[in-house]
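Structure file my_file_21.cif (mmCIF, N, CA and C atoms and all ligand atoms) follows.
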data_model
#
loop_
_atom_site.label_atom_id
_atom_site.label_comp_id
_atom_site.auth_asym_id
_atom_site.auth_seq_id
_atom_site.Cartn_x
_atom_site.Cartn_y
_atom_site.Cartn_z
N MET A 733 31.36 -2.54 -2.12
CA MET A 733 30.86 -3.85 -1.71
C MET A 733 29.37 -3.77 -1.46
N THR A 734 28.65 -4.54 -2.20
CA THR A 734 27.21 -4.54 -2.01
C THR A 734 26.80 -5.77 -1.22
N VAL A 735 25.88 -5.56 -0.36
CA VAL A 735 25.40 -6.68 0.46
C VAL A 735 23.94 -6.91 0.14
N ASP A 736 23.64 -8.12 -0.11
CA ASP A 736 22.29 -8.45 -0.54
C ASP A 736 21.37 -8.58 0.67
N CYS A 737 21.08 -7.44 1.23
CA CYS A 737 20.32 -7.47 2.47
C CYS A 737 18.83 -7.35 2.23
N ALA A 738 18.48 -6.95 1.03
CA ALA A 738 17.06 -6.74 0.75
C ALA A 738 16.28 -8.04 0.81
N VAL A 739 16.99 -9.13 0.79
CA VAL A 739 16.31 -10.40 0.75
C VAL A 739 16.23 -11.07 2.12
N ILE A 740 16.44 -10.27 3.13
CA ILE A 740 16.33 -10.84 4.48
C ILE A 740 14.93 -11.43 4.67
N GLN A 741 14.91 -12.64 5.06
CA GLN A 741 13.60 -13.30 5.21
C GLN A 741 13.38 -13.73 6.65
N ARG A 742 13.74 -12.86 7.56
CA ARG A 742 13.53 -13.23 8.97
C ARG A 742 12.05 -13.20 9.31
N GLU A 743 11.30 -12.41 8.52
CA GLU A 743 9.88 -12.30 8.80
C GLU A 743 9.10 -13.41 8.09
N THR A 744 9.55 -14.60 8.29
CA THR A 744 8.84 -15.72 7.70
C THR A 744 7.43 -15.77 8.25
N PRO A 745 6.51 -16.26 7.46
CA PRO A 745 5.10 -16.25 7.89
C PRO A 745 4.88 -17.10 9.13
N ALA A 746 5.19 -16.56 10.25
CA ALA A 746 4.97 -17.27 11.51
C ALA A 746 4.50 -16.27 12.55
N PRO A 747 3.32 -15.72 12.34
CA PRO A 747 2.85 -14.64 13.23
C PRO A 747 2.73 -15.09 14.68
N GLU A 748 2.54 -16.38 14.88
CA GLU A 748 2.38 -16.84 16.26
C GLU A 748 3.65 -16.60 17.08
N ARG A 749 4.79 -16.47 16.35
CA ARG A 749 6.03 -16.25 17.07
C ARG A 749 5.96 -14.95 17.89
N ARG A 750 5.28 -13.97 17.36
CA ARG A 750 5.21 -12.69 18.04
C ARG A 750 4.46 -12.77 19.37
N HIS A 751 3.64 -13.76 19.48
CA HIS A 751 2.86 -13.86 20.71
C HIS A 751 3.55 -14.69 21.77
N ARG A 752 4.66 -15.30 21.37
CA ARG A 752 5.37 -16.13 22.33
C ARG A 752 6.73 -15.51 22.57
N ARG A 753 6.74 -14.37 23.15
CA ARG A 753 7.99 -13.62 23.28
C ARG A 753 8.80 -14.02 24.50
N THR A 754 8.34 -14.98 25.24
CA THR A 754 9.11 -15.38 26.41
C THR A 754 9.91 -16.64 26.12
N GLU A 755 9.80 -17.14 24.89
CA GLU A 755 10.52 -18.36 24.56
C GLU A 755 11.80 -18.04 23.81
N GLY A 756 12.71 -18.97 23.88
CA GLY A 756 13.92 -18.84 23.08
C GLY A 756 15.08 -18.26 23.87
N PRO A 757 16.23 -18.36 23.25
CA PRO A 757 17.45 -17.85 23.91
C PRO A 757 17.44 -16.33 24.00
N VAL A 758 18.09 -15.84 25.01
CA VAL A 758 18.17 -14.39 25.23
C VAL A 758 19.62 -13.95 25.06
N ARG A 759 19.80 -12.85 24.37
CA ARG A 759 21.14 -12.32 24.13
C ARG A 759 21.18 -10.86 24.56
N THR A 760 22.38 -10.34 24.68
CA THR A 760 22.55 -8.93 25.06
C THR A 760 22.92 -8.11 23.84
N CYS A 761 22.18 -7.04 23.63
CA CYS A 761 22.45 -6.15 22.49
C CYS A 761 23.76 -5.41 22.70
N LEU A 762 24.57 -5.37 21.65
CA LEU A 762 25.86 -4.67 21.73
C LEU A 762 25.68 -3.18 21.95
N GLY A 763 24.57 -2.65 21.44
CA GLY A 763 24.39 -1.20 21.49
C GLY A 763 23.88 -0.72 22.83
N CYS A 764 22.72 -1.22 23.22
CA CYS A 764 22.08 -0.70 24.43
C CYS A 764 22.29 -1.60 25.64
N ARG A 765 22.90 -2.75 25.42
CA ARG A 765 23.23 -3.68 26.49
C ARG A 765 22.01 -4.29 27.15
N LYS A 766 20.87 -4.13 26.52
CA LYS A 766 19.66 -4.74 27.07
C LYS A 766 19.58 -6.20 26.63
N ARG A 767 19.01 -6.99 27.47
CA ARG A 767 18.81 -8.39 27.12
C ARG A 767 17.54 -8.52 26.31
N GLU A 768 17.64 -9.32 25.26
CA GLU A 768 16.53 -9.42 24.32
C GLU A 768 16.48 -10.84 23.76
N LEU A 769 15.30 -11.24 23.35
CA LEU A 769 15.21 -12.54 22.69
C LEU A 769 16.06 -12.53 21.42
N ALA A 770 16.78 -13.59 21.20
CA ALA A 770 17.69 -13.64 20.05
C ALA A 770 16.93 -13.46 18.74
N VAL A 771 15.70 -13.91 18.69
CA VAL A 771 14.94 -13.79 17.44
C VAL A 771 14.67 -12.34 17.08
N ASP A 772 14.76 -11.45 18.06
CA ASP A 772 14.51 -10.04 17.80
C ASP A 772 15.79 -9.26 17.56
N LEU A 773 16.90 -9.95 17.58
CA LEU A 773 18.19 -9.29 17.38
C LEU A 773 18.84 -9.79 16.10
N LEU A 774 19.75 -8.97 15.59
CA LEU A 774 20.59 -9.41 14.48
C LEU A 774 21.82 -10.10 15.06
N ARG A 775 22.17 -11.22 14.48
CA ARG A 775 23.42 -11.84 14.88
C ARG A 775 24.50 -11.39 13.92
N VAL A 776 25.58 -10.89 14.44
CA VAL A 776 26.68 -10.48 13.58
C VAL A 776 27.89 -11.34 13.90
N VAL A 777 28.66 -11.62 12.87
CA VAL A 777 29.88 -12.40 13.04
C VAL A 777 31.01 -11.73 12.26
N ALA A 778 32.22 -12.06 12.62
CA ALA A 778 33.38 -11.54 11.90
C ALA A 778 33.82 -12.57 10.88
N VAL A 779 33.98 -12.11 9.66
CA VAL A 779 34.48 -13.00 8.61
C VAL A 779 35.75 -12.40 8.03
N SER A 780 36.57 -13.25 7.50
CA SER A 780 37.80 -12.78 6.85
C SER A 780 37.50 -12.46 5.40
N ASP A 781 38.07 -11.37 4.92
CA ASP A 781 37.83 -11.00 3.52
C ASP A 781 38.90 -11.58 2.60
N GLY A 782 39.77 -12.39 3.16
CA GLY A 782 40.78 -13.03 2.34
C GLY A 782 42.09 -12.29 2.31
N ASN A 783 42.08 -11.07 2.80
CA ASN A 783 43.31 -10.28 2.80
C ASN A 783 43.82 -10.07 4.22
N GLY A 784 43.32 -10.86 5.11
CA GLY A 784 43.74 -10.71 6.49
C GLY A 784 42.92 -9.69 7.25
N GLU A 785 42.02 -9.03 6.54
CA GLU A 785 41.16 -8.05 7.20
C GLU A 785 39.89 -8.76 7.66
N ARG A 786 39.30 -8.20 8.70
CA ARG A 786 38.08 -8.79 9.21
C ARG A 786 36.91 -7.87 8.89
N THR A 787 35.85 -8.47 8.45
CA THR A 787 34.65 -7.72 8.14
C THR A 787 33.52 -8.24 9.02
N VAL A 788 32.76 -7.31 9.56
CA VAL A 788 31.61 -7.72 10.37
C VAL A 788 30.41 -7.85 9.44
N THR A 789 29.77 -8.99 9.47
CA THR A 789 28.62 -9.19 8.62
C THR A 789 27.46 -9.75 9.43
N VAL A 790 26.29 -9.67 8.86
CA VAL A 790 25.11 -10.15 9.57
C VAL A 790 24.88 -11.62 9.24
N ASP A 791 24.72 -12.39 10.25
CA ASP A 791 24.45 -13.81 10.07
C ASP A 791 22.95 -13.99 9.88
N GLN A 792 22.55 -13.91 8.62
CA GLN A 792 21.10 -13.90 8.35
C GLN A 792 20.46 -15.27 8.50
N THR A 793 21.24 -16.31 8.40
CA THR A 793 20.67 -17.65 8.52
C THR A 793 20.87 -18.23 9.91
N GLY A 794 21.73 -17.59 10.71
CA GLY A 794 21.99 -18.11 12.03
C GLY A 794 22.92 -19.30 12.02
N ASN A 795 23.54 -19.54 10.89
CA ASN A 795 24.39 -20.72 10.75
C ASN A 795 25.86 -20.42 10.56
N LEU A 796 26.22 -19.17 10.50
CA LEU A 796 27.63 -18.86 10.27
C LEU A 796 28.44 -19.27 11.50
N PRO A 797 29.57 -19.88 11.22
CA PRO A 797 30.43 -20.30 12.33
C PRO A 797 31.16 -19.11 12.93
N GLY A 798 31.74 -19.35 14.06
CA GLY A 798 32.56 -18.30 14.66
C GLY A 798 31.86 -17.57 15.78
N ARG A 799 32.58 -16.65 16.30
CA ARG A 799 32.11 -15.89 17.44
C ARG A 799 31.05 -14.90 16.97
N GLY A 800 29.96 -14.86 17.65
CA GLY A 800 28.89 -13.97 17.24
C GLY A 800 28.60 -12.91 18.28
N ALA A 801 27.94 -11.87 17.82
CA ALA A 801 27.48 -10.83 18.72
C ALA A 801 26.06 -10.48 18.29
N TRP A 802 25.37 -9.73 19.12
CA TRP A 802 23.96 -9.50 18.86
C TRP A 802 23.63 -8.02 18.95
N LEU A 803 22.69 -7.60 18.13
CA LEU A 803 22.40 -6.18 18.03
C LEU A 803 20.94 -5.98 17.65
N HIS A 804 20.32 -4.98 18.29
CA HIS A 804 18.99 -4.58 17.83
C HIS A 804 19.10 -4.03 16.42
N PRO A 805 18.17 -4.37 15.55
CA PRO A 805 18.25 -3.83 14.18
C PRO A 805 17.75 -2.40 14.09
N ASN A 806 18.40 -1.50 14.78
CA ASN A 806 18.04 -0.09 14.63
C ASN A 806 19.28 0.78 14.73
N ASP A 807 19.14 2.00 14.20
CA ASP A 807 20.27 2.91 14.12
C ASP A 807 20.87 3.24 15.48
N ARG A 808 20.00 3.38 16.46
CA ARG A 808 20.48 3.83 17.75
C ARG A 808 21.48 2.82 18.34
N CYS A 809 21.07 1.56 18.31
CA CYS A 809 21.95 0.54 18.89
C CYS A 809 23.18 0.33 18.02
N LEU A 810 22.98 0.42 16.72
CA LEU A 810 24.10 0.26 15.80
C LEU A 810 25.14 1.34 16.04
N GLU A 811 24.66 2.56 16.14
CA GLU A 811 25.58 3.68 16.32
C GLU A 811 26.30 3.58 17.66
N ALA A 812 25.56 3.19 18.67
CA ALA A 812 26.17 3.05 19.99
C ALA A 812 27.24 1.96 19.98
N ALA A 813 26.94 0.89 19.30
CA ALA A 813 27.91 -0.22 19.25
C ALA A 813 29.17 0.20 18.50
N ILE A 814 28.98 0.93 17.42
CA ILE A 814 30.13 1.38 16.64
C ILE A 814 30.95 2.38 17.45
N ARG A 815 30.25 3.31 18.07
CA ARG A 815 30.95 4.36 18.81
C ARG A 815 31.79 3.76 19.94
N ARG A 816 31.26 2.75 20.57
CA ARG A 816 31.99 2.15 21.69
C ARG A 816 32.93 1.04 21.23
N ARG A 817 33.03 0.86 19.93
CA ARG A 817 33.86 -0.21 19.38
C ARG A 817 33.46 -1.56 19.93
N ALA A 818 32.19 -1.71 20.16
CA ALA A 818 31.71 -2.95 20.77
C ALA A 818 31.87 -4.14 19.84
N PHE A 819 31.82 -3.88 18.53
CA PHE A 819 31.97 -5.00 17.59
C PHE A 819 33.35 -5.64 17.74
N GLY A 820 34.35 -4.79 17.73
CA GLY A 820 35.71 -5.30 17.83
C GLY A 820 35.93 -6.09 19.11
N ARG A 821 35.38 -5.57 20.18
CA ARG A 821 35.56 -6.25 21.45
C ARG A 821 34.81 -7.58 21.49
N ALA A 822 33.55 -7.51 21.08
CA ALA A 822 32.72 -8.71 21.17
C ALA A 822 33.21 -9.81 20.23
N LEU A 823 33.74 -9.38 19.09
CA LEU A 823 34.14 -10.36 18.08
C LEU A 823 35.64 -10.63 18.09
N ARG A 824 36.31 -10.03 19.05
CA ARG A 824 37.75 -10.25 19.19
C ARG A 824 38.50 -9.81 17.94
N ILE A 825 38.17 -8.63 17.47
CA ILE A 825 38.85 -8.08 16.31
C ILE A 825 39.74 -6.95 16.79
N THR A 826 40.98 -6.97 16.35
CA THR A 826 41.86 -5.86 16.67
C THR A 826 41.73 -4.81 15.58
N GLY A 827 41.77 -3.56 15.97
CA GLY A 827 41.60 -2.49 15.00
C GLY A 827 40.13 -2.21 14.77
N SER A 828 39.84 -1.53 13.69
CA SER A 828 38.47 -1.14 13.37
C SER A 828 37.92 -2.03 12.26
N PRO A 829 37.03 -2.93 12.60
CA PRO A 829 36.46 -3.80 11.57
C PRO A 829 35.54 -3.02 10.64
N ASP A 830 35.37 -3.54 9.46
CA ASP A 830 34.44 -2.95 8.49
C ASP A 830 33.03 -3.39 8.85
N THR A 831 32.23 -2.44 9.28
CA THR A 831 30.87 -2.79 9.71
C THR A 831 29.83 -2.31 8.71
N SER A 832 30.26 -1.95 7.51
CA SER A 832 29.31 -1.39 6.55
C SER A 832 28.22 -2.40 6.18
N ALA A 833 28.56 -3.67 6.19
CA ALA A 833 27.54 -4.68 5.87
C ALA A 833 26.44 -4.69 6.92
N VAL A 834 26.83 -4.48 8.16
CA VAL A 834 25.84 -4.45 9.23
C VAL A 834 24.94 -3.22 9.09
N VAL A 835 25.58 -2.10 8.74
CA VAL A 835 24.81 -0.87 8.54
C VAL A 835 23.75 -1.08 7.45
N GLU A 836 24.19 -1.70 6.36
CA GLU A 836 23.26 -1.95 5.26
C GLU A 836 22.09 -2.81 5.71
N CYS A 837 22.39 -3.82 6.48
CA CYS A 837 21.34 -4.73 6.93
C CYS A 837 20.38 -4.06 7.90
N VAL A 838 20.94 -3.24 8.77
CA VAL A 838 20.08 -2.54 9.72
C VAL A 838 19.13 -1.61 8.96
N ARG A 839 19.65 -0.95 7.95
CA ARG A 839 18.81 -0.05 7.15
C ARG A 839 17.73 -0.84 6.43
N ALA A 840 18.11 -1.99 5.92
CA ALA A 840 17.12 -2.81 5.22
C ALA A 840 16.02 -3.25 6.18
N GLN A 841 16.42 -3.60 7.39
CA GLN A 841 15.44 -4.02 8.39
C GLN A 841 14.51 -2.86 8.73
N GLN A 842 15.09 -1.69 8.89
CA GLN A 842 14.27 -0.54 9.24
C GLN A 842 13.34 -0.17 8.10
N ALA A 843 13.83 -0.34 6.89
CA ALA A 843 12.98 -0.06 5.75
C ALA A 843 11.80 -1.01 5.73
N LEU A 844 12.07 -2.25 6.08
CA LEU A 844 10.99 -3.24 6.12
C LEU A 844 9.94 -2.86 7.16
N HIS A 845 10.42 -2.35 8.26
CA HIS A 845 9.50 -2.02 9.34
C HIS A 845 8.97 -0.60 9.23
N GLY A 846 9.44 0.13 8.23
CA GLY A 846 8.92 1.46 7.97
C GLY A 846 9.15 2.45 9.09
N SER A 847 10.34 2.40 9.68
CA SER A 847 10.63 3.34 10.75
C SER A 847 11.97 4.02 10.51
N PRO A 848 11.99 4.93 9.56
CA PRO A 848 13.24 5.65 9.30
C PRO A 848 13.65 6.48 10.50
N SER A 849 14.92 6.61 10.68
CA SER A 849 15.41 7.34 11.84
C SER A 849 16.23 8.54 11.39
N PRO A 850 16.09 9.66 12.06
CA PRO A 850 16.88 10.84 11.72
C PRO A 850 18.37 10.62 11.93
N ALA A 851 18.73 9.61 12.71
CA ALA A 851 20.15 9.36 12.97
C ALA A 851 20.81 8.66 11.80
N ARG A 852 20.02 8.30 10.81
CA ARG A 852 20.54 7.50 9.72
C ARG A 852 21.72 8.16 9.00
N GLU A 853 21.55 9.44 8.66
CA GLU A 853 22.62 10.11 7.92
C GLU A 853 23.90 10.17 8.74
N GLN A 854 23.73 10.37 10.01
CA GLN A 854 24.91 10.49 10.86
C GLN A 854 25.66 9.17 10.91
N VAL A 855 24.93 8.09 11.02
CA VAL A 855 25.57 6.78 11.03
C VAL A 855 26.32 6.56 9.74
N ALA A 856 25.70 6.99 8.64
CA ALA A 856 26.35 6.78 7.35
C ALA A 856 27.69 7.48 7.30
N LYS A 857 27.75 8.67 7.84
CA LYS A 857 29.01 9.39 7.83
C LYS A 857 30.04 8.68 8.71
N ASN A 858 29.60 8.26 9.85
CA ASN A 858 30.54 7.61 10.75
C ASN A 858 31.03 6.28 10.19
N MET A 859 30.25 5.73 9.27
CA MET A 859 30.59 4.41 8.81
C MET A 859 31.58 4.38 7.66
N SER A 860 31.96 5.53 7.17
CA SER A 860 32.90 5.50 6.06
C SER A 860 34.20 4.83 6.52
N THR A 861 34.63 3.88 5.75
CA THR A 861 35.80 3.11 6.14
C THR A 861 37.05 3.99 6.10
N PRO A 862 37.79 3.98 7.16
CA PRO A 862 39.00 4.82 7.21
C PRO A 862 40.06 4.36 6.21
ZN ZN A 901 19.88 -2.49 21.57
#
Encoded form (structure tokens):
Amino acid sequence: MTVDCAVIQRETPAPERRHRRTEGPVRTCLGCRKRELAVDLLRVVAVSDGNGERTVTVDQTGNLPGRGAWLHPNDRCLEAAIRRRAFGRALRITGSPDTSAVVECVRAQQALHGSPSPAREQVAKNMSTP
């Protein structure tokens, strides 16, 4: 399953947004549990794949319906959220949801920001779908 994450356009040409970091809704990151402006977090939602299975995907437009959760776009928070099964809890999913789409998006975000993390390989291993 390929996810078209390379086209994330969250960095729309609005540099002034960076200077107004006290505005906007605040959400709690699934990984580190810190409160953060929603614009700085990825919104993830659970979608059905049509076979009764639930897949966690990134809500890149902010318009996907359903229960959402929030995550810093970095390996550390992603790995912490996966390890603690925070996705399943936050999104009300029983069992282990497929979070590979989120992993792909986080990597794409990190690539955009040019901050590769040594934890990347480890996350990849942990992310193999059982
Ligand atoms: Zn975090």
(request) Choose the residue, out of A:Leu803, A:Asn795, A:Asp830, A:Arg808, that has the smallest atom-to-atom separation from A:Cys761; count all atoms listed in the file. (result) A:Leu803
(request) Counting only C-alpha atoms and all ligand atoms, name the residues that have an atom within 7 Å of an atom of ligand ZN 901 (chain A); the answer should be given as a ChimeraX atom specification. (result) /A:761-766,803-804,809
(message) Quick check, in Å to one decimal: how far apart do atom C of A:Leu823 and atom CA of A:Thr760 lie?
(response)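 Between atom C of A:Leu823 and atom CA of A:Thr760 the gap works out to 14.9 Å.
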(message) With distances taken over all atoms listed in the file, which residue among A:Val788, A:Leu773, A:Ala840, A:Val779 lies nearest A:Trp802?
(response) A:Leu773
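From atom C of A:Pro829 back to atom C of A:Gln792, the distance works out to 19.5 Å.
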Tell me, which residues of stretch 753-853 of chain A carry DSSP helix (DSSP H, G or I), written as an mmCIF file with N, CA and C atoms, keeping the file's coordinate frame?
data_model
loop_
_atom_site.group_PDB
_atom_site.id
_atom_site.type_symbol
_atom_site.label_atom_id
_atom_site.label_comp_id
_atom_site.auth_asym_id
_atom_site.auth_seq_id
_atom_site.Cartn_x
_atom_site.Cartn_y
_atom_site.Cartn_z
ATOM 1 N N ALA A 770 16.780 -13.590 21.200
ATOM 2 C CA ALA A 770 17.690 -13.640 20.050
ATOM 3 C C ALA A 770 16.930 -13.460 18.740
ATOM 4 N N VAL A 771 15.700 -13.910 18.690
ATOM 5 C CA VAL A 771 14.940 -13.790 17.440
ATOM 6 C C VAL A 771 14.670 -12.340 17.080
ATOM 7 N N ASP A 772 14.760 -11.450 18.060
ATOM 8 C CA ASP A 772 14.510 -10.040 17.800
ATOM 9 C C ASP A 772 15.790 -9.260 17.560
ATOM 10 N N ASP A 807 19.140 2.000 14.200
ATOM 11 C CA ASP A 807 20.270 2.910 14.120
ATOM 12 C C ASP A 807 20.870 3.240 15.480
ATOM 13 N N ARG A 808 20.000 3.380 16.460
ATOM 14 C CA ARG A 808 20.480 3.830 17.750
ATOM 15 C C ARG A 808 21.480 2.820 18.340
ATOM 16 N N CYS A 809 21.070 1.560 18.310
ATOM 17 C CA CYS A 809 21.950 0.540 18.890
ATOM 18 C C CYS A 809 23.180 0.330 18.020
ATOM 19 N N LEU A 810 22.980 0.420 16.720
ATOM 20 C CA LEU A 810 24.100 0.260 15.800
ATOM 21 C C LEU A 810 25.140 1.340 16.040
ATOM 22 N N GLU A 811 24.660 2.560 16.140
ATOM 23 C CA GLU A 811 25.580 3.680 16.320
ATOM 24 C C GLU A 811 26.300 3.580 17.660
ATOM 25 N N ALA A 812 25.560 3.190 18.670
ATOM 26 C CA ALA A 812 26.170 3.050 19.990
ATOM 27 C C ALA A 812 27.240 1.960 19.980
ATOM 28 N N ALA A 813 26.940 0.890 19.300
ATOM 29 C CA ALA A 813 27.910 -0.220 19.250
ATOM 30 C C ALA A 813 29.170 0.200 18.500
ATOM 31 N N ILE A 814 28.980 0.930 17.420
ATOM 32 C CA ILE A 814 30.130 1.380 16.640
ATOM 33 C C ILE A 814 30.950 2.380 17.450
ATOM 34 N N ARG A 815 30.250 3.310 18.070
ATOM 35 C CA ARG A 815 30.950 4.360 18.810
ATOM 36 C C ARG A 815 31.790 3.760 19.940
ATOM 37 N N ALA A 818 32.190 -1.710 20.160
ATOM 38 C CA ALA A 818 31.710 -2.950 20.770
ATOM 39 C C ALA A 818 31.870 -4.140 19.840
ATOM 40 N N PHE A 819 31.820 -3.880 18.530
ATOM 41 C CA PHE A 819 31.970 -5.000 17.590
ATOM 42 C C PHE A 819 33.350 -5.640 17.740
ATOM 43 N N GLY A 820 34.350 -4.790 17.730
ATOM 44 C CA GLY A 820 35.710 -5.300 17.830
ATOM 45 C C GLY A 820 35.930 -6.090 19.110
ATOM 46 N N ARG A 821 35.380 -5.570 20.180
ATOM 47 C CA ARG A 821 35.560 -6.250 21.450
ATOM 48 C C ARG A 821 34.810 -7.580 21.490
ATOM 49 N N ALA A 822 33.550 -7.510 21.080
ATOM 50 C CA ALA A 822 32.720 -8.710 21.170
ATOM 51 C C ALA A 822 33.210 -9.810 20.230
ATOM 52 N N SER A 832 30.260 -1.950 7.510
ATOM 53 C CA SER A 832 29.310 -1.390 6.550
ATOM 54 C C SER A 832 28.220 -2.400 6.180
ATOM 55 N N ALA A 833 28.560 -3.670 6.190
ATOM 56 C CA ALA A 833 27.540 -4.680 5.870
ATOM 57 C C ALA A 833 26.440 -4.690 6.920
ATOM 58 N N VAL A 834 26.830 -4.480 8.160
ATOM 59 C CA VAL A 834 25.840 -4.450 9.230
ATOM 60 C C VAL A 834 24.940 -3.220 9.090
ATOM 61 N N VAL A 835 25.580 -2.100 8.740
ATOM 62 C CA VAL A 835 24.810 -0.870 8.540
ATOM 63 C C VAL A 835 23.750 -1.080 7.450
ATOM 64 N N GLU A 836 24.190 -1.700 6.360
ATOM 65 C CA GLU A 836 23.260 -1.950 5.260
ATOM 66 C C GLU A 836 22.090 -2.810 5.710
ATOM 67 N N CYS A 837 22.390 -3.820 6.480
ATOM 68 C CA CYS A 837 21.340 -4.730 6.930
ATOM 69 C C CYS A 837 20.380 -4.060 7.900
ATOM 70 N N VAL A 838 20.940 -3.240 8.770
ATOM 71 C CA VAL A 838 20.080 -2.540 9.720
ATOM 72 C C VAL A 838 19.130 -1.610 8.960
ATOM 73 N N ARG A 839 19.650 -0.950 7.950
ATOM 74 C CA ARG A 839 18.810 -0.050 7.150
ATOM 75 C C ARG A 839 17.730 -0.840 6.430
ATOM 76 N N ALA A 840 18.110 -1.990 5.920
ATOM 77 C CA ALA A 840 17.120 -2.810 5.220
ATOM 78 C C ALA A 840 16.020 -3.250 6.180
ATOM 79 N N GLN A 841 16.420 -3.600 7.390
ATOM 80 C CA GLN A 841 15.440 -4.020 8.390
ATOM 81 C C GLN A 841 14.510 -2.860 8.730
ATOM 82 N N GLN A 842 15.090 -1.690 8.890
ATOM 83 C CA GLN A 842 14.270 -0.540 9.240
ATOM 84 C C GLN A 842 13.340 -0.170 8.100
ATOM 85 N N ALA A 843 13.830 -0.340 6.890
ATOM 86 C CA ALA A 843 12.980 -0.060 5.750
ATOM 87 C C ALA A 843 11.800 -1.010 5.730
ATOM 88 N N LEU A 844 12.070 -2.250 6.080
ATOM 89 C CA LEU A 844 10.990 -3.240 6.120
ATOM 90 C C LEU A 844 9.940 -2.860 7.160
ATOM 91 N N HIS A 845 10.420 -2.350 8.260
ATOM 92 C CA HIS A 845 9.500 -2.020 9.340
ATOM 93 C C HIS A 845 8.970 -0.600 9.230
ATOM 94 N N ARG A 852 20.020 8.300 10.810
ATOM 95 C CA ARG A 852 20.540 7.500 9.720
ATOM 96 C C ARG A 852 21.720 8.160 9.000
ATOM 97 N N GLU A 853 21.550 9.440 8.660
ATOM 98 C CA GLU A 853 22.620 10.110 7.920
ATOM 99 C C GLU A 853 23.900 10.170 8.740
#
(message) Rounded to one decimal, what separation in Å do you get between atom CA of A:Leu769 and atom CA of A:Glu755?
(response) 7.7 Å
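In this comparison, which uses only C-alpha atoms, the residue of A:Arg799, A:His845, A:Thr793, A:Val771 approaching A:Ala822 most closely is A:Arg799.
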